Structures are given as structure tokens and as C-alpha cells.
Amino acid sequence: MTDIKKEQEREELHRAIWAIADELRGAVDGWDFKNYVLGTMFYRFISEDLTNYINQNEIEAGDTDFDYAKMSDEDAEEAREGLIEEKGFFMLPSELFCNVCANAANDENLNERLERIFNNIEGSAKGSESEADFSGLFDDFDVNSNKLGATVAKRNERLAKLLNGVKDMNLGDINDHSIDAFGDAYEYLMGMYASGAGKSGGEFFTPPEVSVLLTRLGTVGKKEINKAYDPACGSGSLLLKCAELLGRDAVRNGFYGQEINITTYNLCRINMFLHKIGFDKFDIACEDTLTNPQHWDEEPFELIVSNPPYSVKWVGDGDATLINDPRFAPAGVLAPKSKADMAFIMHSLSWLAANGTAAIVCFPGIMYRGGAEQKIRKYLVDNNYVDAVIQLSGGLFFGTSIATCIMVLKKGKSDNKVMFIDASKECIKVTNNNKLTPENIDRIVDIFAKREDVAHFSHLADYAEISENDFNLSVSTYVEPEDTREKIDIKKLNTEIAEIVAREQVLRSEIDKIIAEIEG
């Protein structure tokens with residue numbers, strides 16, 4: 001498929017999504033309503049994914065006219081066990097999206113039917129290897145919510161419109177890997193709603209360009225990695241950018257993440273499926289990463305990418321056991337109770353492989369504040385874990401104008417220096433936000449990889465210089481900003497002033513002459 005045709009299809013898809021959201025959200029807040037749009041897209045996706053998988057197997061076995069969607073439920077039951085083992089779940093033909101859609105407008109029990117189908121999908125995975133990936137996936141798709149309508153009839157009318165709107169989306173052939181249409185639609189929806197939802201939405205969504213930058217910083221010189229991990233994974237956009245940039249198979253042992261918010265955790269698992277990450281290739285957990293991490297058995301990770309929440313409160317030294325936690329103990333001090341940022345950094349460092357890289361978006365204050373945060377910075381620099389600090393421009397994230405920065409951590413550095421990059425001017429203005437362009441990203445990654453000093457842009461600082469600055473890691477301490485004020489030539493200016501004064505004298509005497517003539 002040509003790039004132009006691909007782009008046209010993408011724009012058409014985005015228009016269709018916008019139309020559905022516009023027509024249907026009504027009383028439902030946009031950020032809540034996306035759960036319904038995404039849930040319906042996911043329902044369509046797994047229906048088509050399962051149908052195509054079964055049909056292909058039958059066609060290869062010689063039955064060229066086979067169509068699972070037209071099979072009876074009784075006959076289909078025989079394949080249940082085998083399909084759960086291979087695909088992680090099972091659906092009867094009558095439960096498929098296309099079959100429910102066909103009669104949705106006339107179905108007085110549509111809400112009950114959908115609830116039963118969603119329960120059956122989740123239930124089919126119980127007791128199997130995929131149980132954790134499917135459990136509670138549809139919890140945020142409340143078919144009986146008053147937000148959808150005050151009466152059952154109203155709710156069903158809106159659900160039917162939703163099903164038919166998603167049915168009419170041009171999502172292409174599910175087997176055509178050249179367009180990741182379901183995944184692309186998900187990303188567009190999240191961006192659309194996050195921009196309108198302010199902080200409530202933006203905190204769950206890292207813009208694609210920032211995700212690209214973090215992944216590229218974490219994989220310089222690598223074509224494949226063992227495992228990718230995000231300790232505050234939100235809806236999974238960072239992990240999936242790794243899959244997109246490196247290729248799904250280049251992340252050999254899968255994708256791991258933890259998310260504290262249950263709605264976002266459900267979105268993340270749906271997002272994994274929509275991007276064709278198999279149930280056996282991801283492990284997303286729902287718990288507090290700092291106090292109850294869920295992936296002790298899977299660490300260490302070769303790539304860690306993360307955009308943890310800025311300055312959130314945590315228990316800190318209110319829990320006496322945490323100072324002995326192997327993740328936090330080495331620094332000898334815990335991050336302050338009011339600001340958990342450094343706790344996320346210590347957690348990531350602890351679970352980083354010896355040959356790995358962690359790229360973490362940070363709140364700038366942690367780079368210069370005193371107290372416990374300064375002691376943790378000293379620990380990081382003393383042990384040569386900080387590879388780079390990169391200052392970004394403000395306005396890159398939804399819901400906040402904060403100018404964030406990125407800390408890059410490594411355990412196996414080849415030198416004992418820290419690269420500081422001032423990328424605050426690397427962006428373009430798009431409506432109210434700033435955006436990183438591919439050229440901006442290329443320039444940042446190029447200088448990061450070369451570890452070069454560039455006037456007003458980058459500086460490679462050695463240990464002594466950082467120590468002299470009391471372990472302040474703010475980019476502005478090490479990279480002098482360009483003086484863009486106009487340079488003034490004082491001699492030239494004085495000459496010009498003298499000429500103006502002389503001209504003024506001539507004019508004054510001319511005026512005096514004219515006045516004298518008039519008065520005479």
C-alpha cells in the first residue's frame with residue numbers, strides 16, 4: 001500500500017472516530033465515553049481476529065468456503081478448548097461482533113446480550129494461561145449506565161449506534177500488517193480525548209513523539225532487546241512504541257508494565273490486544289509499583305521507558321520497612337513523602353539489566369532540590385548510573401505546560417561522564433501545544449549517541465564538575481543558553497547619536513529663521 005493511500009485511510013478513520021464520538025457522547029463525558037468506543041473496537045477486533053484465525057486454518061485444510069460466523073453454536077463448541085489454548089479466549093458464532101451488529105437496532109435486550117457476551121469472553125479464559133490478561137477487561141463498559149440514557153430503550157438505542165458506528169469504520173483486513181488500523185485508531189482516540197480532558201486525561205497518555213524519543217534513547221545501537229518494562233505504564237503507549245519501532249519480535253521475551261489506576265490498567269491490556277501483542281507476550285499488573293511491585297520474578301529488564309506521575313505523595317519513611325527494600329536501600333535515604341519521583345527512579349534502576357538503558361521523563365525539580373533528593377542524586381552520580389539529562393520544551397504533554405526533562409540511566413557505562421542536552425528549543429508549535437518533529441528527535445538522539453559538546457546545546461560533564469555543583473543535575477547549570485539579545489556597537493551608536501544631535505541643531509536654526517521671517 002502506498003504511503004499516500006495509507007495516510008488517506010488513516011485520515012478517513014480519524015474522521016469516522018470523531019463522528020462517532022461527536023454523535024454519541026451526549027451526556028457522557030468524553031474521557032468516560034472513550035471507554036465505550038474503545039471497548040466496542042476491542043469487541044470487534046477480537047471477534048474478527050478469532051474468526052480469521054479459524055477460517056484460515058479451515059481454508060488451509062481444504063474447506064475454502066468455510067466461515068466461522070455462519071457456524072452453529074453447537075458445532076463450534078467442539079473447538080473451545082483448543083482455541084483457548086491457542087488464542088487465550090473463546091467466542092461462540094452467535095456472540096461475534098458482526099452477528100450481534102446485524103440485529104442490534106431491533107434488539108430490545110441488547111444491553112443484556114452485550115453484558116452476557118463480555119462476561120462469557122472473560123469467563124472463557126478462566127483457569128487458563130491467559131486468565132490474568134482477560135479478567136475484568138470489560139469492567140469499564142457499563143451497559144446499564146445512566147450515562148448512556150435514562151431508560152433501557154434509550155441505552156440500547158445508543159449502544160446500537162455505537163456498534164454500527166464501529167462496524168462502519170474502515171479498519172481494513174485484520175491480516176494486513178501494513179496498517180495497524182486498530183492500534184492507530186486507539187492512539188488517535190486517546191490523543192483526542194486527552195487533549196480535551198486536561199490533566200484527568202493527559203496523565204494517562206504520553207504523546208507519540210515523546211514515546212519515540214524515549215524508545216530511541218533506550219535502544220541506541222540495538223536491533224533487539226530481551227524485555228521492555230514501564231513501572232507506571234498508563235494505557236501502554238510507551239511499551240507499544242517499543243514494539244512499533246523495534247518490531248514485535250525484536251522484543252524477545254515480551255512487554256511488562258504496572259499501573260495503579262484500574263480503568264487505565266484495563267485500557268492498557270485492551271491496547272496490547274489491539275496492537276496484536278499476543279496474550280503470552282505481555283504481563284500488565286494493577287498495583288502500586290512503589291509499595292507492591294508485581295514483577296520481581298521477571299526483572300531485570302533491558303529497556304525501561306517511563307513517564308511516571310510528577311511529585312505524587314507516597315508512604316516513604318512512614319513505612320519503616322521500605323529503607324531495607326533492595327530497590328531503595330542502596331541510596332541510604334528514601335524519596336520525600338510529598339514527592340515520589342526519585343522512588344520511581346530508584347525502582348527503575350534496581351530492575352535495570354547490566355546491559356540495559358532506562359529513559360524516564362522527570363519533573364525538573366528533582367534535578368536541583370536539596371535534602372533527600374540531593375542525596376539520591378549523589379548516589380546515582382557516585383556510582384556512575386546517570387548517562388544523560390535532557391531538557392525538553394514546555395507544552396509537550398496534555399494537561400500541563402511544565403517543561404519536563406528526561407533522565408537516562410545505565411549500569412554499564414563506558415565513561416564516567418554525564419551528557420547534558422538543552423533541547424528546550426527543539427519543537428514546533430501546534431495549536432496550544434508544542435510538538436517534537438522527527439528532525440528534533442533525530443538531532444537529540446544523534447548528539448546523545450555521539451556524546452559531543454555543542455555550543456548552547458550540549459555538554460559532557462565529568463564527575464569533578466558535577467561534584468563542584470553539589471550534584472545539581474539541571475541542564476541549565478552545564479549548558480549556557482545562547483544570548484539572543486541584539487549586540488550593540490557602542491562606538492557606532494555614539495557616532496549615530498552625534499549625527500542626530502548635529503542634524504537637530506541644523507533643523508532648529510532653520511525653524512528659527514522661518515519664525516523670524518514670519519514675525520518680521
# chains A, B, ... in the order shown; residues from 1 in each chain; ligands from 1
$ residues_around --residues "A:Asp230" --least-positions-apart "5" --cutoff "10 Å" --atoms "only C-alpha atoms" --output "PyMOL selection string"
chain A and resi 236-239+255-259+284+301+303-308+348+358-360
$ write_last_selection --atoms "N, CA and C atoms" --output "short mmCIF file (atom, residue, chain, number, x, y, z; two decimals), in the first residue's frame"
data_model
loop_
_atom_site.label_atom_id
_atom_site.label_comp_id
_atom_site.auth_asym_id
_atom_site.auth_seq_id
_atom_site.Cartn_x
_atom_site.Cartn_y
_atom_site.Cartn_z
N GLY A 236 -0.28 2.13 28.19
CA GLY A 236 0.66 1.27 27.46
C GLY A 236 1.31 1.89 26.24
N SER A 237 1.12 3.20 26.04
CA SER A 237 1.63 3.81 24.80
C SER A 237 3.15 3.71 24.67
N LEU A 238 3.87 3.80 25.79
CA LEU A 238 5.33 3.72 25.71
C LEU A 238 5.81 2.32 25.34
N LEU A 239 5.22 1.32 25.95
CA LEU A 239 5.61 -0.07 25.65
C LEU A 239 5.32 -0.40 24.18
N PHE A 255 6.53 -7.76 26.96
CA PHE A 255 6.28 -6.42 27.48
C PHE A 255 5.68 -6.52 28.88
N TYR A 256 6.25 -5.74 29.80
CA TYR A 256 5.83 -5.80 31.20
C TYR A 256 5.51 -4.38 31.68
N GLY A 257 4.45 -4.27 32.48
CA GLY A 257 4.09 -2.95 32.99
C GLY A 257 3.24 -3.06 34.23
N GLN A 258 3.20 -1.97 34.98
CA GLN A 258 2.35 -1.92 36.17
C GLN A 258 1.65 -0.56 36.19
N GLU A 259 0.37 -0.59 36.59
CA GLU A 259 -0.45 0.62 36.58
C GLU A 259 -1.37 0.60 37.80
N ILE A 284 0.75 -7.27 32.28
CA ILE A 284 0.45 -5.96 32.88
C ILE A 284 -0.23 -6.21 34.23
N PHE A 301 15.30 -5.89 33.37
CA PHE A 301 14.81 -5.55 32.03
C PHE A 301 15.87 -4.78 31.25
N LEU A 303 15.26 -2.82 28.61
CA LEU A 303 14.77 -1.49 28.27
C LEU A 303 13.67 -1.09 29.25
N ILE A 304 13.86 0.06 29.89
CA ILE A 304 12.81 0.62 30.75
C ILE A 304 12.48 2.02 30.21
N VAL A 305 11.23 2.22 29.86
CA VAL A 305 10.77 3.54 29.40
C VAL A 305 9.61 3.94 30.30
N SER A 306 9.61 5.20 30.75
CA SER A 306 8.56 5.55 31.70
C SER A 306 8.32 7.05 31.78
N ASN A 307 7.05 7.38 32.04
CA ASN A 307 6.65 8.76 32.30
C ASN A 307 5.81 8.73 33.58
N PRO A 308 6.49 8.51 34.74
CA PRO A 308 5.75 8.34 35.99
C PRO A 308 5.08 9.64 36.41
N SER A 348 13.36 1.86 39.05
CA SER A 348 13.75 1.54 37.68
C SER A 348 15.21 1.10 37.61
N ALA A 358 17.54 2.84 30.87
CA ALA A 358 16.24 3.36 31.30
C ALA A 358 16.15 4.81 30.87
N ALA A 359 15.03 5.18 30.22
CA ALA A 359 14.79 6.58 29.82
C ALA A 359 13.49 7.01 30.50
N ILE A 360 13.60 7.98 31.42
CA ILE A 360 12.48 8.34 32.29
C ILE A 360 12.18 9.83 32.20
#
$ residues_around --residues "A:Ile345" --least-positions-apart "6" --cutoff "12 Å" --atoms "only C-alpha atoms" --output "VMD selection string"
chain A and resid 230 to 232 289 to 290 304 to 310 327 to 328 331 334 to 335 339 351 to 352 358 to 363 366 to 367 373 376 to 377 379 to 380 385 to 386 406 to 410
$ write_last_selection --atoms "C-alpha atoms" --output "CSV table (one decimal), in the first residue's frame"
chain,number,residue,atom,x,y,z
A,230,ASP,CA,7.3,0.5,32.2
A,231,PRO,CA,6.7,0.8,36.0
A,232,ALA,CA,3.9,3.4,35.5
A,289,THR,CA,4.6,-0.1,41.9
A,290,LEU,CA,6.4,1.6,44.7
A,304,ILE,CA,12.8,0.6,30.7
A,305,VAL,CA,10.8,3.5,29.4
A,306,SER,CA,8.6,5.5,31.7
A,307,ASN,CA,6.6,8.8,32.3
A,308,PRO,CA,5.8,8.3,36.0
A,309,PRO,CA,3.4,10.8,37.7
A,310,TYR,CA,5.1,14.0,38.8
A,327,ARG,CA,15.3,-1.2,45.4
A,328,PHE,CA,15.7,1.8,47.8
A,331,ALA,CA,20.9,5.2,48.3
A,334,LEU,CA,14.0,7.4,50.7
A,335,ALA,CA,12.4,10.0,48.4
A,339,LYS,CA,7.4,13.7,46.1
A,351,TRP,CA,15.3,-3.5,37.9
A,352,LEU,CA,17.6,-2.4,35.0
A,358,ALA,CA,16.2,3.4,31.3
A,359,ALA,CA,14.8,6.6,29.8
A,360,ILE,CA,12.5,8.3,32.3
A,361,VAL,CA,10.5,11.6,32.0
A,362,CYS,CA,11.1,13.7,35.1
A,363,PHE,CA,9.8,16.7,36.9
A,366,ILE,CA,14.2,16.6,41.3
A,367,MET,CA,17.4,17.7,39.4
A,373,GLU,CA,16.7,14.1,46.6
A,376,ILE,CA,19.9,10.3,45.9
A,377,ARG,CA,21.4,12.3,43.0
A,379,TYR,CA,24.4,8.2,45.0
A,380,LEU,CA,23.5,8.0,41.3
A,385,TYR,CA,24.5,5.4,36.7
A,386,VAL,CA,23.4,8.7,35.1
A,406,ILE,CA,14.5,13.1,30.6
A,407,MET,CA,17.0,11.2,32.8
A,408,VAL,CA,18.8,8.3,31.1
A,409,LEU,CA,20.2,5.6,33.4
A,410,LYS,CA,22.8,2.9,32.5
$ residues_around --residues "A:Ile444" --least-positions-apart "6" --cutoff "12 Å" --atoms "only C-alpha atoms" --output "VMD selection string"
chain A and resid 210 212 to 214 216 to 217 220 388 to 392 406 419 to 427 436 to 438 450 to 452 454 457 to 458
$ write_last_selection --atoms "C-alpha atoms" --output "PDB file, in the first residue's frame"
ATOM      1  CA  VAL A 210       7.854  11.661  23.312  1.00  0.00           C
ATOM      2  CA  VAL A 212       9.510   7.663  20.124  1.00  0.00           C
ATOM      3  CA  LEU A 213      12.257   9.770  21.721  1.00  0.00           C
ATOM      4  CA  LEU A 214      12.361   7.645  24.901  1.00  0.00           C
ATOM      5  CA  ARG A 216      15.208   5.613  20.643  1.00  0.00           C
ATOM      6  CA  LEU A 217      17.297   6.890  23.565  1.00  0.00           C
ATOM      7  CA  VAL A 220      20.761   3.289  20.557  1.00  0.00           C
ATOM      8  CA  ALA A 388      22.326  11.810  30.340  1.00  0.00           C
ATOM      9  CA  VAL A 389      19.873  14.530  31.353  1.00  0.00           C
ATOM     10  CA  ILE A 390      17.892  16.128  28.524  1.00  0.00           C
ATOM     11  CA  GLN A 391      15.832  19.288  28.977  1.00  0.00           C
ATOM     12  CA  LEU A 392      12.642  19.325  26.855  1.00  0.00           C
ATOM     13  CA  ILE A 406      14.495  13.058  30.632  1.00  0.00           C
ATOM     14  CA  MET A 419      25.739  14.190  28.911  1.00  0.00           C
ATOM     15  CA  PHE A 420      23.600  17.327  29.340  1.00  0.00           C
ATOM     16  CA  ILE A 421      21.424  18.378  26.410  1.00  0.00           C
ATOM     17  CA  ASP A 422      19.297  21.533  26.219  1.00  0.00           C
ATOM     18  CA  ALA A 423      16.535  20.544  23.791  1.00  0.00           C
ATOM     19  CA  SER A 424      14.119  23.216  25.053  1.00  0.00           C
ATOM     20  CA  LYS A 425      14.071  24.842  21.602  1.00  0.00           C
ATOM     21  CA  GLU A 426      13.609  21.527  19.772  1.00  0.00           C
ATOM     22  CA  CYS A 427       9.894  21.668  18.950  1.00  0.00           C
ATOM     23  CA  LEU A 436       8.653  17.217  18.689  1.00  0.00           C
ATOM     24  CA  THR A 437       9.253  16.706  14.959  1.00  0.00           C
ATOM     25  CA  PRO A 438      11.221  13.738  13.541  1.00  0.00           C
ATOM     26  CA  LYS A 450      27.901  10.887  19.929  1.00  0.00           C
ATOM     27  CA  ARG A 451      28.282  12.480  23.395  1.00  0.00           C
ATOM     28  CA  GLU A 452      29.539  15.676  21.771  1.00  0.00           C
ATOM     29  CA  VAL A 454      27.837  21.611  21.003  1.00  0.00           C
ATOM     30  CA  PHE A 457      23.082  22.728  23.091  1.00  0.00           C
ATOM     31  CA  SER A 458      25.096  20.039  24.854  1.00  0.00           C
TER      32      SER A 458
END
$ select_by_dssp --residues "stretch 406-518 of chain A" --states "strand (DSSP E)" --output "CSV table (one decimal) with N, CA and C atoms, in the first residue's frame"
chain,number,residue,atom,x,y,z
A,406,ILE,N,14.3,14.5,30.7
A,406,ILE,CA,14.5,13.1,30.6
A,406,ILE,C,15.8,12.7,31.3
A,407,MET,N,15.7,11.7,32.2
A,407,MET,CA,17.0,11.2,32.8
A,407,MET,C,17.2,9.8,32.2
A,408,VAL,N,18.4,9.6,31.6
A,408,VAL,CA,18.8,8.3,31.1
A,408,VAL,C,19.8,7.6,32.0
A,409,LEU,N,19.4,6.4,32.4
A,409,LEU,CA,20.2,5.6,33.4
A,409,LEU,C,20.9,4.4,32.7
A,410,LYS,N,22.1,4.1,33.0
A,410,LYS,CA,22.8,2.9,32.5
A,410,LYS,C,23.6,2.3,33.7
A,418,VAL,N,28.6,12.7,32.4
A,418,VAL,CA,27.1,12.8,32.2
A,418,VAL,C,26.9,13.8,31.0
A,419,MET,N,26.1,13.3,30.1
A,419,MET,CA,25.7,14.2,28.9
A,419,MET,C,24.5,15.1,29.2
A,420,PHE,N,24.7,16.4,29.1
A,420,PHE,CA,23.6,17.3,29.3
A,420,PHE,C,23.2,17.9,28.0
A,421,ILE,N,21.9,17.9,27.7
A,421,ILE,CA,21.4,18.4,26.4
A,421,ILE,C,20.3,19.4,26.7
A,422,ASP,N,20.4,20.6,26.1
A,422,ASP,CA,19.3,21.5,26.2
A,422,ASP,C,18.5,21.5,24.9
A,428,ILE,N,8.0,22.3,17.5
A,428,ILE,CA,7.3,23.3,16.8
A,428,ILE,C,6.0,23.5,17.5
A,429,LYS,N,5.3,24.6,17.2
A,429,LYS,CA,4.1,25.0,17.9
A,429,LYS,C,2.9,24.4,17.1
A,430,VAL,N,2.0,23.6,17.7
A,430,VAL,CA,0.8,23.1,17.1
A,430,VAL,C,-0.3,23.4,18.0
A,433,ASN,N,-0.3,23.4,21.9
A,433,ASN,CA,0.8,22.6,22.4
A,433,ASN,C,2.1,22.7,21.6
A,434,ASN,N,3.2,22.2,22.1
A,434,ASN,CA,4.4,22.1,21.4
A,434,ASN,C,4.5,20.6,20.9
A,435,LYS,N,5.3,20.4,19.9
A,435,LYS,CA,5.4,19.0,19.4
A,435,LYS,C,6.8,18.8,18.9
A,458,SER,N,24.7,21.2,24.1
A,458,SER,CA,25.1,20.0,24.9
A,458,SER,C,26.5,20.2,25.5
A,459,HIS,N,26.6,19.5,26.6
A,459,HIS,CA,27.9,19.5,27.3
A,459,HIS,C,28.1,18.2,28.0
A,460,LEU,N,29.3,17.6,27.9
A,460,LEU,CA,29.7,16.3,28.6
A,460,LEU,C,30.4,16.7,29.8
A,461,ALA,N,29.8,16.5,31.0
A,461,ALA,CA,30.4,17.0,32.2
A,461,ALA,C,31.0,15.8,32.9
$ residues_around --residues "stretch 159-161 of chain A" --least-positions-apart "5" --cutoff "8 Å" --atoms "only C-alpha atoms" --output "number ranges by chain"
A: 24, 101, 104-105, 110-111, 143, 148
$ atom_distance --atom1 "atom CA of A:Asn109" --atom2 "atom CA of A:Asn35"
21.0 Å
$ atom_distance --atom1 "atom CA of A:Thr51" --atom2 "atom CA of A:Tyr68"
5.8 Å
$ residues_around --residues "stretch 94-98 of chain A" --least-positions-apart "4" --cutoff "12 Å" --atoms "only C-alpha atoms" --output "PDB file with C-alpha atoms, in the first residue's frame"
ATOM      1  CA  GLY A  39     -14.459  -1.345  24.336  1.00  0.00           C
ATOM      2  CA  THR A  40     -16.566  -1.682  21.189  1.00  0.00           C
ATOM      3  CA  MET A  41     -13.488  -1.504  18.959  1.00  0.00           C
ATOM      4  CA  PHE A  42     -11.884  -4.203  21.089  1.00  0.00           C
ATOM      5  CA  TYR A  43     -15.008  -6.376  20.846  1.00  0.00           C
ATOM      6  CA  ARG A  44     -14.908  -6.020  17.042  1.00  0.00           C
ATOM      7  CA  PHE A  45     -11.172  -6.704  16.959  1.00  0.00           C
ATOM      8  CA  ILE A  46     -11.210  -9.955  18.928  1.00  0.00           C
ATOM      9  CA  SER A  47     -14.293 -11.154  17.006  1.00  0.00           C
ATOM     10  CA  GLU A  48     -12.521 -10.631  13.671  1.00  0.00           C
ATOM     11  CA  ASP A  49      -9.206 -11.902  14.987  1.00  0.00           C
ATOM     12  CA  LEU A  50     -10.742 -15.185  16.178  1.00  0.00           C
ATOM     13  CA  THR A  51     -12.884 -15.615  13.038  1.00  0.00           C
ATOM     14  CA  ASN A  52      -9.940 -15.046  10.689  1.00  0.00           C
ATOM     15  CA  TYR A  68     -16.959 -19.417  11.393  1.00  0.00           C
ATOM     16  CA  ALA A  69     -19.509 -16.582  11.664  1.00  0.00           C
ATOM     17  CA  LYS A  70     -22.106 -18.796   9.914  1.00  0.00           C
ATOM     18  CA  MET A  71     -21.465 -21.905  12.013  1.00  0.00           C
ATOM     19  CA  SER A  72     -23.935 -23.084  14.670  1.00  0.00           C
ATOM     20  CA  ASP A  73     -23.012 -22.558  18.325  1.00  0.00           C
ATOM     21  CA  GLU A  74     -23.389 -26.314  18.977  1.00  0.00           C
ATOM     22  CA  ASP A  75     -20.837 -27.267  16.307  1.00  0.00           C
ATOM     23  CA  ALA A  76     -18.456 -24.504  17.385  1.00  0.00           C
ATOM     24  CA  GLU A  77     -18.353 -25.733  20.994  1.00  0.00           C
ATOM     25  CA  PHE A  90     -13.263 -18.294  23.002  1.00  0.00           C
ATOM     26  CA  ALA A 102     -26.766  -7.358  12.321  1.00  0.00           C
ATOM     27  CA  ASN A 103     -29.747  -7.233  14.668  1.00  0.00           C
ATOM     28  CA  ALA A 104     -28.644  -4.552  17.158  1.00  0.00           C
ATOM     29  CA  LEU A 110     -29.113  -5.532  23.522  1.00  0.00           C
ATOM     30  CA  ARG A 113     -26.873  -9.543  25.464  1.00  0.00           C
ATOM     31  CA  LEU A 114     -23.646  -7.491  25.417  1.00  0.00           C
ATOM     32  CA  GLU A 115     -23.150  -7.913  29.166  1.00  0.00           C
ATOM     33  CA  ARG A 116     -23.554 -11.688  28.837  1.00  0.00           C
ATOM     34  CA  ILE A 117     -21.151 -11.853  25.863  1.00  0.00           C
ATOM     35  CA  PHE A 118     -18.484  -9.783  27.665  1.00  0.00           C
ATOM     36  CA  ASN A 119     -18.804 -11.999  30.752  1.00  0.00           C
ATOM     37  CA  ASN A 120     -18.502 -15.098  28.538  1.00  0.00           C
ATOM     38  CA  ILE A 121     -15.348 -13.787  26.838  1.00  0.00           C
ATOM     39  CA  ALA A 160     -26.792   0.071  18.667  1.00  0.00           C
ATOM     40  CA  LEU A 162     -22.131   2.677  18.814  1.00  0.00           C
ATOM     41  CA  LEU A 163     -21.903  -0.872  17.405  1.00  0.00           C
ATOM     42  CA  ASN A 164     -22.896   0.265  13.918  1.00  0.00           C
ATOM     43  CA  VAL A 166     -17.592   0.965  14.847  1.00  0.00           C
ATOM     44  CA  LYS A 167     -18.809  -1.571  12.230  1.00  0.00           C
ATOM     45  CA  ASP A 168     -18.644   1.151   9.547  1.00  0.00           C
TER      46      ASP A 168
END
$ closest_residue --among "A:Lys513, A:Lys378, A:Lys147, A:Lys487" --to "A:Asp470" --atoms "only C-alpha atoms"
A:Lys378
$ atom_distance --atom1 "atom CA of A:Val381" --atom2 "atom CA of A:Ser467"
8.7 Å
$ closest_residue --among "A:Lys337, A:Arg80, A:His14, A:Lys491" --to "A:Ala185" --atoms "only C-alpha atoms"
A:His14
